[in-house]
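Enquirer: A single structure is presented below for examination.
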Amino acid sequence: MTKILIAEDNPTNRELFRELLEARGYDVTEACDGPEALQMVEQTQPDLLLLDIGMPVLGGFAVVRAIREKPRLATLPVLAVTAYAMKRDRERILSSGFNGYLSKPINAKLLAEELDRLLSKRDDPKASPTPSQTESKLKKQAASAPGNDRN
Ligand code: MN
């Protein structure tokens, strides 16, 4: 069964994600903040992480940075979820180690398409879900990203 970890601080959004994902047959676990997300990634070894950008303690940018620093997690598909709608935010997200981007309010069809895209890529040995960027460029961009974010 495909396992998805939801990291989201808003309980209403967590519930919504859980319903949408379970309806599609995924095995769902939840984390309420960044540190818990990192702990749960290690513990449950999900096939994909749905990661809210704006969380207290440790935001989504800091979480994805910590994940990409671990060789075993370098190719874990991470889908960003955010209320940010600006184009520059999308570009920043996609250059920061995330594999995809969804804006709130969540569109169930777009969510399903992104999950299909990222999870099928993972099964194709010729394709990598990691953006084709050099490690140093990723690190440089991650270093300028704040750990805590709005939303
Ligand atoms: Mn949030």
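Chain identifiers are assigned as A, B, and so on, following the order in which chains appear in the structure tokens; residues are numbered from 1 within each chain, and ligands are numbered from 1 in order of appearance.
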Can you check which parts of chain A lie within 8 Å of ligand 1? Per residue, the shortest pair of atoms and distance in Å to one decimal, counting only C-alpha atoms and all ligand atoms, sorted by chain and number, as CSV.
Expert:
```
residue,atom,partner,partner_atom_place_in_ligand_line,distance
A:Glu8,CA,ligand 1,1 (Mn),5.7
A:Asp9,CA,ligand 1,1 (Mn),5.0
A:Asn10,CA,ligand 1,1 (Mn),5.7
A:Asp52,CA,ligand 1,1 (Mn),5.6
A:Ile53,CA,ligand 1,1 (Mn),6.4
A:Gly54,CA,ligand 1,1 (Mn),4.1
A:Met55,CA,ligand 1,1 (Mn),4.6
A:Pro56,CA,ligand 1,1 (Mn),7.7
A:Thr82,CA,ligand 1,1 (Mn),7.4
A:Arg150,CA,ligand 1,1 (Mn),7.5
A:Asn151,CA,ligand 1,1 (Mn),4.7
```
Enquirer: Would you kindly return, as an MDAnalysis selection string, each protein, DNA or RNA residue with an atom no farther than 10 Å from any atom of A:Leu51, considering only C-alpha atoms and excluding same-chain residues fewer than 3 positions away?
Expert: chainID A and resid 5:9 31 33:34 37 48 54:55 59:61 63:64 78:82 98 101:102
Enquirer: Could you save those same residues with C-alpha atoms as an mmCIF file, in the first residue's frame?
Expert:
```cif
data_model
loop_
_atom_site.group_PDB
_atom_site.id
_atom_site.type_symbol
_atom_site.label_atom_id
_atom_site.label_comp_id
_atom_site.auth_asym_id
_atom_site.auth_seq_id
_atom_site.Cartn_x
_atom_site.Cartn_y
_atom_site.Cartn_z
ATOM 1 C CA LEU A 5 2.731 11.421 5.169
ATOM 2 C CA ILE A 6 0.782 14.660 5.593
ATOM 3 C CA ALA A 7 2.697 17.427 7.396
ATOM 4 C CA GLU A 8 0.282 20.269 8.050
ATOM 5 C CA ASP A 9 -0.335 22.383 11.165
ATOM 6 C CA ALA A 31 2.461 15.210 11.383
ATOM 7 C CA ASP A 33 4.747 20.476 12.599
ATOM 8 C CA GLY A 34 8.193 20.361 11.008
ATOM 9 C CA ALA A 37 7.413 15.580 10.011
ATOM 10 C CA LEU A 48 5.523 10.610 -0.629
ATOM 11 C CA GLY A 54 3.740 27.513 6.549
ATOM 12 C CA MET A 55 4.125 25.648 9.845
ATOM 13 C CA GLY A 59 8.463 25.482 8.118
ATOM 14 C CA GLY A 60 8.277 23.484 4.910
ATOM 15 C CA PHE A 61 11.434 24.985 3.380
ATOM 16 C CA VAL A 63 11.941 20.499 6.455
ATOM 17 C CA VAL A 64 12.651 19.782 2.780
ATOM 18 C CA VAL A 78 7.861 15.969 -1.638
ATOM 19 C CA LEU A 79 4.784 17.910 -2.690
ATOM 20 C CA ALA A 80 4.509 21.461 -1.334
ATOM 21 C CA VAL A 81 1.171 22.805 -0.167
ATOM 22 C CA THR A 82 0.824 26.521 0.373
ATOM 23 C CA PHE A 98 10.282 20.161 -3.665
ATOM 24 C CA TYR A 101 3.433 22.473 -5.763
ATOM 25 C CA LEU A 102 -0.240 22.831 -4.874
#
```
Enquirer: Record the distance separating atom CA of A:Ser95 and atom CA of A:Pro71, expressed in Å with one decimal.
Expert: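 Atom CA of A:Pro71 lies 18.2 Å from atom CA of A:Ser95.
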